[in-house]
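The file coords.pdb contains PDB, C-alpha atoms and all ligand atoms:
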ATOM      1  CA  ILE A 245      87.962  95.450  76.907
ATOM      2  CA  VAL A 246      85.970  95.492  80.088
ATOM      3  CA  SER A 247      82.221  95.383  79.796
ATOM      4  CA  LYS A 248      80.097  98.307  80.841
ATOM      5  CA  ARG A 249      78.619  96.238  83.589
ATOM      6  CA  ALA A 250      82.011  95.467  85.095
ATOM      7  CA  TYR A 251      82.764  99.190  85.226
ATOM      8  CA  HIS A 252      79.510  99.889  86.877
ATOM      9  CA  GLU A 253      80.258  97.351  89.572
ATOM     10  CA  LYS A 254      83.275  99.397  90.574
ATOM     11  CA  VAL A 255      81.064 102.369  91.335
ATOM     12  CA  VAL A 256      78.666 100.192  93.292
ATOM     13  CA  ASP A 257      81.540  98.570  95.160
ATOM     14  CA  HIS A 258      83.113 101.889  96.155
ATOM     15  CA  TYR A 259      79.699 103.256  97.018
ATOM     16  CA  ASN A 260      78.750 100.298  99.223
ATOM     17  CA  ASN A 261      82.196  99.859 100.754
ATOM     18  CA  PRO A 262      83.808 103.252 100.606
ATOM     19  CA  ARG A 263      87.470 103.163 101.624
ATOM     20  CA  ASN A 264      88.900 105.610 104.124
ATOM     21  CA  VAL A 265      85.715 107.268 105.360
ATOM     22  CA  GLY A 266      86.400 109.479 108.347
ATOM     23  CA  SER A 267      88.160 112.609 109.411
ATOM     24  CA  PHE A 268      91.421 113.796 110.918
ATOM     25  CA  ASP A 269      91.877 116.712 113.295
ATOM     26  CA  LYS A 270      92.113 119.670 110.943
ATOM     27  CA  ASN A 271      94.331 121.532 113.420
ATOM     28  CA  ASP A 272      96.956 118.802 113.338
ATOM     29  CA  PRO A 273      99.975 120.399 111.592
ATOM     30  CA  THR A 274     100.587 117.216 109.591
ATOM     31  CA  VAL A 275      97.040 117.275 108.180
ATOM     32  CA  GLY A 276      95.829 119.048 105.054
ATOM     33  CA  THR A 277      92.102 119.565 104.521
ATOM     34  CA  GLY A 278      90.390 120.096 101.202
ATOM     35  CA  LEU A 279      86.767 121.144 101.260
ATOM     36  CA  VAL A 280      85.130 121.625  97.894
ATOM     37  CA  GLY A 281      81.647 121.958  96.516
ATOM     38  CA  ALA A 282      80.205 121.219  93.105
ATOM     39  CA  PRO A 283      78.398 124.241  91.698
ATOM     40  CA  ALA A 284      76.439 121.966  89.370
ATOM     41  CA  CYS A 285      74.594 120.124  92.123
ATOM     42  CA  GLY A 286      75.612 121.507  95.517
ATOM     43  CA  ASP A 287      77.334 118.328  96.653
ATOM     44  CA  VAL A 288      80.232 118.710  99.065
ATOM     45  CA  MET A 289      83.398 116.685  99.542
ATOM     46  CA  LYS A 290      85.933 116.886 102.340
ATOM     47  CA  LEU A 291      89.202 115.105 101.752
ATOM     48  CA  GLN A 292      92.066 115.072 104.234
ATOM     49  CA  ILE A 293      95.659 113.976 103.977
ATOM     50  CA  LYS A 294      98.215 113.152 106.621
ATOM     51  CA  VAL A 295     101.724 113.984 105.495
ATOM     52  CA  ASP A 296     105.110 112.734 106.599
ATOM     53  CA  GLU A 297     106.939 115.980 107.265
ATOM     54  CA  THR A 298     110.360 114.721 106.227
ATOM     55  CA  SER A 299     109.524 112.895 103.010
ATOM     56  CA  GLY A 300     106.487 114.927 101.963
ATOM     57  CA  GLN A 301     104.660 111.667 101.355
ATOM     58  CA  ILE A 302     100.987 111.244 102.023
ATOM     59  CA  VAL A 303     100.858 108.522 104.645
ATOM     60  CA  ASP A 304      97.110 108.466 105.184
ATOM     61  CA  ALA A 305      93.940 109.908 103.707
ATOM     62  CA  CYS A 306      90.272 110.057 104.560
ATOM     63  CA  PHE A 307      87.130 111.707 103.286
ATOM     64  CA  LYS A 308      83.542 112.604 103.960
ATOM     65  CA  THR A 309      81.306 113.223 101.005
ATOM     66  CA  PHE A 310      77.786 114.560 101.075
ATOM     67  CA  GLY A 311      76.810 113.769  97.563
ATOM     68  CA  CYS A 312      75.772 111.304  94.959
ATOM     69  CA  GLY A 313      77.075 107.756  94.557
ATOM     70  CA  SER A 314      79.570 108.794  91.906
ATOM     71  CA  ALA A 315      80.997 111.487  94.149
ATOM     72  CA  ILE A 316      81.342 109.004  97.007
ATOM     73  CA  ALA A 317      82.952 106.439  94.710
ATOM     74  CA  SER A 318      85.287 109.105  93.292
ATOM     75  CA  SER A 319      86.442 110.214  96.721
ATOM     76  CA  SER A 320      86.909 106.614  97.795
ATOM     77  CA  VAL A 321      89.124 105.935  94.782
ATOM     78  CA  ALA A 322      91.007 109.210  95.224
ATOM     79  CA  SER A 323      91.733 108.550  98.889
ATOM     80  CA  ASP A 324      93.058 105.108  98.000
ATOM     81  CA  TRP A 325      95.247 106.362  95.166
ATOM     82  CA  ILE A 326      96.942 109.184  97.050
ATOM     83  CA  LYS A 327      98.072 107.087 100.002
ATOM     84  CA  GLY A 328     101.813 106.510  99.894
ATOM     85  CA  ARG A 329     102.351 109.049  97.138
ATOM     86  CA  PRO A 330     104.377 112.258  97.225
ATOM     87  CA  MET A 331     102.096 115.301  97.399
ATOM     88  CA  ASP A 332     102.977 116.559  93.916
ATOM     89  CA  GLU A 333     102.159 113.227  92.376
ATOM     90  CA  ALA A 334      98.831 113.090  94.226
ATOM     91  CA  ALA A 335      97.975 116.613  93.119
ATOM     92  CA  SER A 336      98.545 115.629  89.501
ATOM     93  CA  ILE A 337      95.822 112.961  89.532
ATOM     94  CA  LYS A 338      93.269 113.916  86.904
ATOM     95  CA  ASN A 339      89.551 113.615  87.258
ATOM     96  CA  SER A 340      89.594 111.843  83.903
ATOM     97  CA  ASP A 341      91.719 109.054  85.450
ATOM     98  CA  ILE A 342      89.155 108.583  88.188
ATOM     99  CA  ALA A 343      86.250 108.848  85.763
ATOM    100  CA  ARG A 344      87.828 106.262  83.496
ATOM    101  CA  HIS A 345      88.504 103.919  86.396
ATOM    102  CA  LEU A 346      84.859 104.120  87.467
ATOM    103  CA  SER A 347      83.536 104.536  83.940
ATOM    104  CA  LEU A 348      81.436 107.522  84.885
ATOM    105  CA  PRO A 349      78.999 108.706  82.252
ATOM    106  CA  PRO A 350      79.461 112.286  80.950
ATOM    107  CA  VAL A 351      76.792 113.765  83.255
ATOM    108  CA  LYS A 352      78.737 112.414  86.227
ATOM    109  CA  LEU A 353      82.115 113.816  85.226
ATOM    110  CA  HIS A 354      81.785 116.736  87.619
ATOM    111  CA  CYS A 355      81.579 114.231  90.486
ATOM    112  CA  SER A 356      85.124 113.065  89.747
ATOM    113  CA  MET A 357      86.159 116.712  89.281
ATOM    114  CA  LEU A 358      85.180 117.203  92.899
ATOM    115  CA  ALA A 359      87.743 114.561  93.893
ATOM    116  CA  GLU A 360      90.521 116.140  91.819
ATOM    117  CA  ASP A 361      89.762 119.552  93.307
ATOM    118  CA  ALA A 362      89.624 118.122  96.831
ATOM    119  CA  ILE A 363      93.084 116.531  96.518
ATOM    120  CA  LYS A 364      94.566 119.795  95.240
ATOM    121  CA  ALA A 365      92.843 121.773  97.993
ATOM    122  CA  ALA A 366      94.128 119.395 100.687
ATOM    123  CA  VAL A 367      97.715 119.688  99.435
ATOM    124  CA  LYS A 368      97.397 123.467  99.252
ATOM    125  CA  ASP A 369      96.007 123.628 102.773
ATOM    126  CA  TYR A 370      98.872 121.540 104.125
ATOM    127  CA  ARG A 371     101.455 123.749 102.396
ATOM    128  CA  GLN A 372      99.846 126.960 103.585
ATOM    129  CA  LYS A 373      99.862 125.682 107.159
ATOM    130  CA  LYS A 374     103.550 124.861 106.803
ATOM    131  CA  GLU A 375     104.358 128.361 105.603
ATOM    132  CA  LYS A 376     102.575 129.918 108.530
ATOM    133  CA  ALA A 377     104.207 127.619 111.068
TER     134      ALA A 377
HETATM  135 FE1  LIG B 401      73.466 116.074  94.379
HETATM  136 FE2  LIG B 401      74.438 114.398  92.791
HETATM  137  S1  LIG B 401      73.178 116.017  92.341
HETATM  138  S2  LIG B 401      73.776 114.048  94.724
HETATM  139 FE1  LIG B 402      77.027 116.215  91.821
HETATM  140 FE2  LIG B 402      77.732 113.769  91.715
HETATM  141  S1  LIG B 402      78.757 115.330  92.719
HETATM  142  S2  LIG B 402      75.931 114.595  90.959
END

Structure re-expressed in structure tokens:
Amino acid sequence: IVSKRAYHEKVVDHYNNPRNVGSFDKNDPTVGTGLVGAPACGDVMKLQIKVDETSGQIVDACFKTFGCGSAIASSSVASDWIKGRPMDEAASIKNSDIARHLSLPPVKLHCSMLAEDAIKAAVKDYRQKKEKA
């Protein structure tokens, strides 16, 4: 059992040292962009993936989040987790996994939902681009 305080430190750590902040060229055919907003608070998250065309693996990820600390921490965790994973596996990451990892309180659950939605949207965007190409 990890103490509440230890959980909280994870949020603070990801908030202070967010991993993978940045952006890729959204017109790059190997890039998928997910842009989602939280109706509950108006916060916005942009998450991008770079995909290896042959293997379908996510080789790199980055994000920009205009939102609360929990949303920033959630996108930081999400971007870390999806790197090196096949797209389907990444898209199956649940917000509850992220929320548990960061020990988000119930009122902050929608912040991790933003990250789940952003991953799915990025994968969808990549696939739609592929179909059009
Ligand atoms: Fe907007 Fe969370 S309510 S920062
Ligand atoms: Fe709205 Fe965190 S994303 S409060």

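Closest approach to A:Gly328 among A:Ser314, A:Ser299, A:Gln292, A:Asn260 is made by A:Ser299 (distances from all atoms listed in the file).
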
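Distances from A:Ala322, A:Cys306, A:Met331, A:Ile316 to ligand LIG 402 (chain B) were compared using all atoms listed in the file, and the smallest one belongs to A:Ile316.
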
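Near ligand LIG 401 (chain B), the residues found within 8 Å are Ala284, Cys285, Gly286, Asp287, Phe310, Gly311, Cys312, Gly313, Ser314, Ala315 and Cys355 of chain A (criterion computed using only C-alpha atoms and all ligand atoms).
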
Taking all atoms of ligand LIG 402 (chain B) that the file lists and extending 4 Å past them on each side, where is the centre of the axis-aligned box and how long are its edges? Answer in Å to one decimal, as AutoDock Vina command-line options.
--center_x 77.3 --center_y 115.0 --center_z 91.8 --size_x 10.8 --size_y 10.4 --size_z 9.8

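Of the residues listed (A:Met289, A:Ile337, A:Ile363, A:Ala305), A:Met289 shows the shortest atom-to-atom separation from ligand LIG 402 (chain B); distances use all atoms listed in the file.
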
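With all atoms listed in the file as the atoms that count, the minimum distance from ligand LIG 402 (chain B) to the choices A:Gly300, A:Pro330, A:Pro283, A:Gly278 is reached by A:Pro283.
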
Could you add the missing atoms to stretch 324-352 of chain A, up to N, CA and C atoms, and return them as a PDB file, keeping the file's coordinate frame?
ATOM      1  N   ASP A 324      92.235 106.309  98.145  1.00  0.00           N
ATOM      2  CA  ASP A 324      93.058 105.108  98.000  1.00  0.00           C
ATOM      3  C   ASP A 324      94.319 105.402  97.187  1.00  0.00           C
ATOM      4  N   TRP A 325      94.146 106.102  96.094  1.00  0.00           N
ATOM      5  CA  TRP A 325      95.247 106.362  95.166  1.00  0.00           C
ATOM      6  C   TRP A 325      96.325 107.258  95.743  1.00  0.00           C
ATOM      7  N   ILE A 326      95.940 108.214  96.586  1.00  0.00           N
ATOM      8  CA  ILE A 326      96.942 109.184  97.050  1.00  0.00           C
ATOM      9  C   ILE A 326      97.773 108.667  98.221  1.00  0.00           C
ATOM     10  N   LYS A 327      97.312 107.623  98.862  1.00  0.00           N
ATOM     11  CA  LYS A 327      98.072 107.087 100.002  1.00  0.00           C
ATOM     12  C   LYS A 327      99.412 106.554  99.533  1.00  0.00           C
ATOM     13  N   GLY A 328     100.472 106.992 100.223  1.00  0.00           N
ATOM     14  CA  GLY A 328     101.813 106.510  99.894  1.00  0.00           C
ATOM     15  C   GLY A 328     102.458 107.265  98.756  1.00  0.00           C
ATOM     16  N   ARG A 329     101.768 108.283  98.235  1.00  0.00           N
ATOM     17  CA  ARG A 329     102.351 109.049  97.138  1.00  0.00           C
ATOM     18  C   ARG A 329     102.902 110.385  97.634  1.00  0.00           C
ATOM     19  N   PRO A 330     103.931 110.893  96.924  1.00  0.00           N
ATOM     20  CA  PRO A 330     104.377 112.258  97.225  1.00  0.00           C
ATOM     21  C   PRO A 330     103.245 113.235  96.899  1.00  0.00           C
ATOM     22  N   MET A 331     103.197 114.355  97.589  1.00  0.00           N
ATOM     23  CA  MET A 331     102.096 115.301  97.399  1.00  0.00           C
ATOM     24  C   MET A 331     101.933 115.771  95.954  1.00  0.00           C
ATOM     25  N   ASP A 332     103.076 116.064  95.294  1.00  0.00           N
ATOM     26  CA  ASP A 332     102.977 116.559  93.916  1.00  0.00           C
ATOM     27  C   ASP A 332     102.339 115.541  92.988  1.00  0.00           C
ATOM     28  N   GLU A 333     102.713 114.289  93.204  1.00  0.00           N
ATOM     29  CA  GLU A 333     102.159 113.227  92.376  1.00  0.00           C
ATOM     30  C   GLU A 333     100.654 113.105  92.623  1.00  0.00           C
ATOM     31  N   ALA A 334     100.249 113.181  93.888  1.00  0.00           N
ATOM     32  CA  ALA A 334      98.831 113.090  94.226  1.00  0.00           C
ATOM     33  C   ALA A 334      98.059 114.233  93.587  1.00  0.00           C
ATOM     34  N   ALA A 335      98.667 115.427  93.651  1.00  0.00           N
ATOM     35  CA  ALA A 335      97.975 116.613  93.119  1.00  0.00           C
ATOM     36  C   ALA A 335      97.874 116.578  91.600  1.00  0.00           C
ATOM     37  N   SER A 336      98.615 115.678  90.960  1.00  0.00           N
ATOM     38  CA  SER A 336      98.545 115.629  89.501  1.00  0.00           C
ATOM     39  C   SER A 336      97.550 114.574  89.011  1.00  0.00           C
ATOM     40  N   ILE A 337      96.866 113.917  89.932  1.00  0.00           N
ATOM     41  CA  ILE A 337      95.822 112.961  89.532  1.00  0.00           C
ATOM     42  C   ILE A 337      94.700 113.729  88.849  1.00  0.00           C
ATOM     43  N   LYS A 338      94.288 113.223  87.697  1.00  0.00           N
ATOM     44  CA  LYS A 338      93.269 113.916  86.904  1.00  0.00           C
ATOM     45  C   LYS A 338      91.896 113.304  87.151  1.00  0.00           C
ATOM     46  N   ASN A 339      90.909 114.140  87.089  1.00  0.00           N
ATOM     47  CA  ASN A 339      89.551 113.615  87.258  1.00  0.00           C
ATOM     48  C   ASN A 339      89.230 112.598  86.161  1.00  0.00           C
ATOM     49  N   SER A 340      89.850 112.791  84.991  1.00  0.00           N
ATOM     50  CA  SER A 340      89.594 111.843  83.903  1.00  0.00           C
ATOM     51  C   SER A 340      90.116 110.447  84.235  1.00  0.00           C
ATOM     52  N   ASP A 341      91.210 110.366  85.023  1.00  0.00           N
ATOM     53  CA  ASP A 341      91.719 109.054  85.450  1.00  0.00           C
ATOM     54  C   ASP A 341      90.689 108.356  86.343  1.00  0.00           C
ATOM     55  N   ILE A 342      90.149 109.135  87.263  1.00  0.00           N
ATOM     56  CA  ILE A 342      89.155 108.583  88.188  1.00  0.00           C
ATOM     57  C   ILE A 342      87.890 108.197  87.422  1.00  0.00           C
ATOM     58  N   ALA A 343      87.464 109.093  86.537  1.00  0.00           N
ATOM     59  CA  ALA A 343      86.250 108.848  85.763  1.00  0.00           C
ATOM     60  C   ALA A 343      86.398 107.601  84.888  1.00  0.00           C
ATOM     61  N   ARG A 344      87.585 107.431  84.337  1.00  0.00           N
ATOM     62  CA  ARG A 344      87.828 106.262  83.496  1.00  0.00           C
ATOM     63  C   ARG A 344      87.814 104.994  84.348  1.00  0.00           C
ATOM     64  N   HIS A 345      88.459 105.077  85.500  1.00  0.00           N
ATOM     65  CA  HIS A 345      88.504 103.919  86.396  1.00  0.00           C
ATOM     66  C   HIS A 345      87.097 103.473  86.799  1.00  0.00           C
ATOM     67  N   LEU A 346      86.225 104.437  87.023  1.00  0.00           N
ATOM     68  CA  LEU A 346      84.859 104.120  87.467  1.00  0.00           C
ATOM     69  C   LEU A 346      83.878 104.078  86.298  1.00  0.00           C
ATOM     70  N   SER A 347      84.379 104.430  85.120  1.00  0.00           N
ATOM     71  CA  SER A 347      83.536 104.536  83.940  1.00  0.00           C
ATOM     72  C   SER A 347      82.300 105.404  84.184  1.00  0.00           C
ATOM     73  N   LEU A 348      82.544 106.608  84.634  1.00  0.00           N
ATOM     74  CA  LEU A 348      81.436 107.522  84.885  1.00  0.00           C
ATOM     75  C   LEU A 348      80.892 108.038  83.559  1.00  0.00           C
ATOM     76  N   PRO A 349      79.586 108.119  83.457  1.00  0.00           N
ATOM     77  CA  PRO A 349      78.999 108.706  82.252  1.00  0.00           C
ATOM     78  C   PRO A 349      79.245 110.218  82.246  1.00  0.00           C
ATOM     79  N   PRO A 350      79.154 110.854  81.069  1.00  0.00           N
ATOM     80  CA  PRO A 350      79.461 112.286  80.950  1.00  0.00           C
ATOM     81  C   PRO A 350      78.752 113.178  81.982  1.00  0.00           C
ATOM     82  N   VAL A 351      77.497 112.893  82.308  1.00  0.00           N
ATOM     83  CA  VAL A 351      76.792 113.765  83.255  1.00  0.00           C
ATOM     84  C   VAL A 351      77.362 113.654  84.663  1.00  0.00           C
ATOM     85  N   LYS A 352      78.166 112.617  84.887  1.00  0.00           N
ATOM     86  CA  LYS A 352      78.737 112.414  86.227  1.00  0.00           C
ATOM     87  C   LYS A 352      80.213 112.818  86.294  1.00  0.00           C
TER      88      LYS A 352
END
